[in-house]
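Encoded as structure tokens, the structure appears first; notes follow it.
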There are 2 protein chains.
Amino acid sequence: MQKPEKNTDNGDQDRDFSVLFAALGDPTRLAIFDRLADGRPRSISALSDDADMTRQAVTKHLRVLEAAGLVQNHRVGRESQYAFCPDQLAEARAYLDQVAGRWESALMRLKTFVEDGEA
Amino acid sequence: MQKPEKNTDNGDQDRDFSVLFAALGDPTRLAIFDRLADGRPRSISALSDDADMTRQAVTKHLRVLEAAGLVQNHRVGRESQYAFCPDQLAEARAYLDQVAGRWESALMRLKTFVEDGEA
DNA sequence: TCATTATGCAACTAAAAAGTTGCGTATTTG
DNA sequence: CAAATACGCAACTTTTTAGTTGCATAATGA
């Protein structure tokens, strides 16, 4: 519990990926995102038809996804079309890959260490 | 907003990945998880030293990560060691890969459609 | 034009999450 | 043994999140 005033270093990592995961960390939102991955943009009403909650609730979820950059919105006529947005997904994947990579390296180092028998 | 009583089909997907993302969807938890990726198990106290919150708060976060299967815990002596657990990370990655894959396919189909000129 | 459809905004409730504090109990260690 | 360390449990407060309801407005279509 001691810290040098302010922790400005995220271990050479400038971005906060938790907001991305938080956006995907709700069953309704993940379902919507998953569904939009087929490439077809959908209106709020269309997306609400399959969710067992009000349109307003779905709207809020969509805004969370949009704020995270996982979907894009543009209005056409009277309806608001939400579309899949691949960039942040790619970033999330890259981050997880990087974590997995670090873990793998750690395993390798341990393996080498054991094989060389410096117990 | 109409549904056939109960939606038991997740589109051929049996698992709920949102719990995994929810576990990573908090800055403190993600930082802990990220840190443990170096392979070194750490005690609760050790992990609390870098977080600007109480030990109890960190304990709760660790339990969320553990419940999601992202870390493992085993007690040694008076301290409780938390260690990185790669399996669920792999699952999360696989899921995101699958979503990205579906998106790519959708792009391909659109491209072919346009190239063949059936406007 | 008039009813319908699609949406937005605001206020609200309810429930879950994040975090704290106090206290009790093992386990080390000097 | 006595102090210090590491932790667990339980109760509590605070903040966020999820979701609802009511109402207003813009766009469509018969």
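Convention: chains lettered A, B, ... in structure tokens order; per-chain residue numbering from 1; ligands numbered from 1 as shown.
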
- When the cut-off is 8 Å and we count only C-alpha atoms (C1' of nucleotides), which residues of chain B are near chain D, given as an NGL selection string? :B and (45 or 78-80)

Could you write out the selected residues, including N, CA and C atoms, as an mmCIF file, in the first residue's frame?
data_model
loop_
_atom_site.group_PDB
_atom_site.id
_atom_site.type_symbol
_atom_site.label_atom_id
_atom_site.label_comp_id
_atom_site.auth_asym_id
_atom_site.auth_seq_id
_atom_site.Cartn_x
_atom_site.Cartn_y
_atom_site.Cartn_z
ATOM 1 N N SER B 45 -0.825 -9.662 -0.140
ATOM 2 C CA SER B 45 -0.116 -8.485 0.360
ATOM 3 C C SER B 45 0.793 -7.908 -0.700
ATOM 4 N N ARG B 78 1.275 -19.027 5.793
ATOM 5 C CA ARG B 78 0.276 -18.031 6.199
ATOM 6 C C ARG B 78 -0.173 -17.181 5.032
ATOM 7 N N GLU B 79 0.448 -17.392 3.893
ATOM 8 C CA GLU B 79 0.016 -16.547 2.782
ATOM 9 C C GLU B 79 -0.656 -17.293 1.640
ATOM 10 N N SER B 80 -1.473 -16.534 0.937
ATOM 11 C CA SER B 80 -2.288 -17.078 -0.129
ATOM 12 C C SER B 80 -1.720 -16.617 -1.478
#

- May I have the residues of chain C within 9 Å of chain B, counting only C-alpha atoms (C1' of nucleotides), written as a PyMOL selection string? chain C and resi 18-20+26-28

Take the residues that were just selected and, keeping C-alpha atoms (C1' of nucleotides), output them as a CSV table (one decimal), in the first residue's frame.
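Okay, this is what ended up in selection_17.csv:
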chain,number,residue,atom,x,y,z
C,18,DA,C1',-16.3,-1.3,-5.5
C,19,DG,C1',-14.3,-0.2,-1.5
C,20,DT,C1',-13.8,0.6,3.6
C,26,DA,C1',-3.5,-18.6,12.0
C,27,DT,C1',1.6,-18.4,11.1
C,28,DT,C1',6.2,-16.5,11.5

- Message: Neighbouring residues of Ala106 of chain B were defined as those with any atom within 6 Å, considering only C-alpha atoms (C1' of nucleotides); residues of the same chain fewer than 2 positions away were excluded. Please report them as a list of chain:residue names.
- Response: A:Asp38, A:Gly39, B:Trp103, B:Glu104, B:Met108, B:Arg109

- Item | Contact residues (chain A, partner chain B, 9 Å, only C-alpha atoms) as a PyMOL selection string | chain A and resi 1-3+7+10+16-31+33-34+36-40+45+48-55+84+86+89-90+92-93+96-97+99-107+110

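Atom CA of Ser43 of chain B lies 14.3 Å from atom CA of Leu65 of chain B.
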
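All residues of chain A that DSSP, run on the backbone, classes as strand (DSSP E) are Arg42, Ser43, Val71, Gln72, Asn73, His74, Arg75, Val76, Glu79, Ser80, Gln81, Tyr82, Ala83 and Phe84 of chain A.
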
Mind writing the picked residues with all heavy atoms as a tab-separated table (two decimals), in the first residue's frame?
chain	number	residue	atom	x	y	z
A	42	ARG	N	-27.74	-2.82	-38.04
A	42	ARG	CA	-29.13	-2.99	-37.62
A	42	ARG	C	-29.61	-1.78	-36.84
A	42	ARG	O	-28.84	-1.13	-36.15
A	42	ARG	CB	-29.25	-4.23	-36.74
A	42	ARG	CG	-29.14	-5.54	-37.50
A	42	ARG	CD	-29.13	-6.69	-36.52
A	42	ARG	NE	-28.99	-7.99	-37.16
A	42	ARG	CZ	-27.84	-8.49	-37.56
A	42	ARG	NH1	-26.73	-7.79	-37.43
A	42	ARG	NH2	-27.80	-9.69	-38.12
A	43	SER	N	-30.88	-1.55	-36.93
A	43	SER	CA	-31.47	-0.43	-36.19
A	43	SER	C	-31.66	-0.84	-34.74
A	43	SER	O	-31.63	-2.02	-34.40
A	43	SER	CB	-32.80	-0.05	-36.80
A	43	SER	OG	-33.76	-1.06	-36.51
A	71	VAL	N	-18.62	-0.45	-31.91
A	71	VAL	CA	-19.63	-0.33	-32.96
A	71	VAL	C	-19.71	1.13	-33.39
A	71	VAL	O	-19.26	2.03	-32.67
A	71	VAL	CB	-21.03	-0.79	-32.48
A	71	VAL	CG1	-21.00	-2.24	-32.01
A	71	VAL	CG2	-21.56	0.13	-31.40
A	72	GLN	N	-20.28	1.32	-34.56
A	72	GLN	CA	-20.42	2.67	-35.09
A	72	GLN	C	-21.89	2.92	-35.34
A	72	GLN	O	-22.64	2.00	-35.66
A	72	GLN	CB	-19.66	2.79	-36.40
A	72	GLN	CG	-18.42	3.64	-36.31
A	72	GLN	CD	-17.69	3.71	-37.62
A	72	GLN	OE1	-17.80	2.78	-38.43
A	72	GLN	NE2	-16.95	4.77	-37.83
A	73	ASN	N	-22.26	4.17	-35.24
A	73	ASN	CA	-23.66	4.51	-35.44
A	73	ASN	C	-23.80	5.60	-36.49
A	73	ASN	O	-23.03	6.56	-36.52
A	73	ASN	CB	-24.23	5.02	-34.11
A	73	ASN	CG	-25.50	5.80	-34.30
A	73	ASN	OD1	-25.48	7.03	-34.27
A	73	ASN	ND2	-26.58	5.11	-34.52
A	74	HIS	N	-24.75	5.42	-37.38
A	74	HIS	CA	-25.08	6.56	-38.22
A	74	HIS	C	-26.56	6.51	-38.56
A	74	HIS	O	-27.14	5.46	-38.81
A	74	HIS	CB	-24.21	6.60	-39.49
A	74	HIS	CG	-24.66	5.68	-40.56
A	74	HIS	ND1	-25.09	6.13	-41.79
A	74	HIS	CD2	-24.77	4.34	-40.60
A	74	HIS	CE1	-25.42	5.11	-42.52
A	74	HIS	NE2	-25.24	4.00	-41.85
A	75	ARG	N	-27.12	7.66	-38.53
A	75	ARG	CA	-28.56	7.76	-38.69
A	75	ARG	C	-28.94	7.78	-40.16
A	75	ARG	O	-28.33	8.46	-40.98
A	75	ARG	CB	-29.03	9.05	-38.03
A	75	ARG	CG	-30.52	9.19	-37.96
A	75	ARG	CD	-30.97	9.29	-36.52
A	75	ARG	NE	-32.43	9.27	-36.42
A	75	ARG	CZ	-33.09	9.67	-35.34
A	75	ARG	NH1	-32.43	10.10	-34.31
A	75	ARG	NH2	-34.40	9.59	-35.31
A	76	VAL	N	-29.94	7.00	-40.49
A	76	VAL	CA	-30.46	7.02	-41.84
A	76	VAL	C	-31.98	7.13	-41.73
A	76	VAL	O	-32.64	6.25	-41.20
A	76	VAL	CB	-30.03	5.75	-42.64
A	76	VAL	CG1	-30.11	4.53	-41.77
A	76	VAL	CG2	-30.84	5.60	-43.90
A	79	GLU	N	-34.29	6.05	-38.63
A	79	GLU	CA	-33.66	5.06	-37.78
A	79	GLU	C	-32.15	5.18	-37.65
A	79	GLU	O	-31.46	5.71	-38.53
A	79	GLU	CB	-34.06	3.64	-38.19
A	79	GLU	CG	-33.81	3.27	-39.61
A	79	GLU	CD	-34.47	1.94	-39.94
A	79	GLU	OE1	-35.55	1.62	-39.37
A	79	GLU	OE2	-33.90	1.20	-40.76
A	80	SER	N	-31.68	4.66	-36.53
A	80	SER	CA	-30.28	4.77	-36.17
A	80	SER	C	-29.62	3.40	-36.35
A	80	SER	O	-29.89	2.48	-35.60
A	80	SER	CB	-30.22	5.24	-34.72
A	80	SER	OG	-28.93	5.24	-34.24
A	81	GLN	N	-28.77	3.34	-37.34
A	81	GLN	CA	-28.15	2.06	-37.68
A	81	GLN	C	-26.84	1.85	-36.92
A	81	GLN	O	-25.95	2.69	-36.97
A	81	GLN	CB	-27.84	2.00	-39.17
A	81	GLN	CG	-29.04	2.16	-40.07
A	81	GLN	CD	-29.72	0.83	-40.31
A	81	GLN	OE1	-30.90	0.66	-39.99
A	81	GLN	NE2	-29.00	-0.13	-40.84
A	82	TYR	N	-26.73	0.71	-36.28
A	82	TYR	CA	-25.48	0.40	-35.58
A	82	TYR	C	-24.75	-0.69	-36.34
A	82	TYR	O	-25.34	-1.70	-36.73
A	82	TYR	CB	-25.76	-0.05	-34.15
A	82	TYR	CG	-25.96	1.11	-33.22
A	82	TYR	CD1	-27.22	1.69	-33.08
A	82	TYR	CD2	-24.89	1.66	-32.52
A	82	TYR	CE1	-27.40	2.78	-32.23
A	82	TYR	CE2	-25.08	2.75	-31.68
A	82	TYR	CZ	-26.33	3.30	-31.55
A	82	TYR	OH	-26.50	4.38	-30.72
A	83	ALA	N	-23.46	-0.46	-36.54
A	83	ALA	CA	-22.67	-1.41	-37.32
A	83	ALA	C	-21.41	-1.84	-36.57
A	83	ALA	O	-20.85	-1.08	-35.77
A	83	ALA	CB	-22.28	-0.78	-38.65
A	84	PHE	N	-21.00	-3.03	-36.82
A	84	PHE	CA	-19.77	-3.60	-36.28
A	84	PHE	C	-18.57	-2.74	-36.65
A	84	PHE	O	-18.50	-2.19	-37.75
A	84	PHE	CB	-19.59	-4.99	-36.87
A	84	PHE	CG	-18.51	-5.80	-36.23
A	84	PHE	CD1	-18.78	-6.58	-35.12
A	84	PHE	CD2	-17.23	-5.82	-36.76
A	84	PHE	CE1	-17.77	-7.36	-34.54
A	84	PHE	CE2	-16.22	-6.59	-36.18
A	84	PHE	CZ	-16.50	-7.35	-35.07
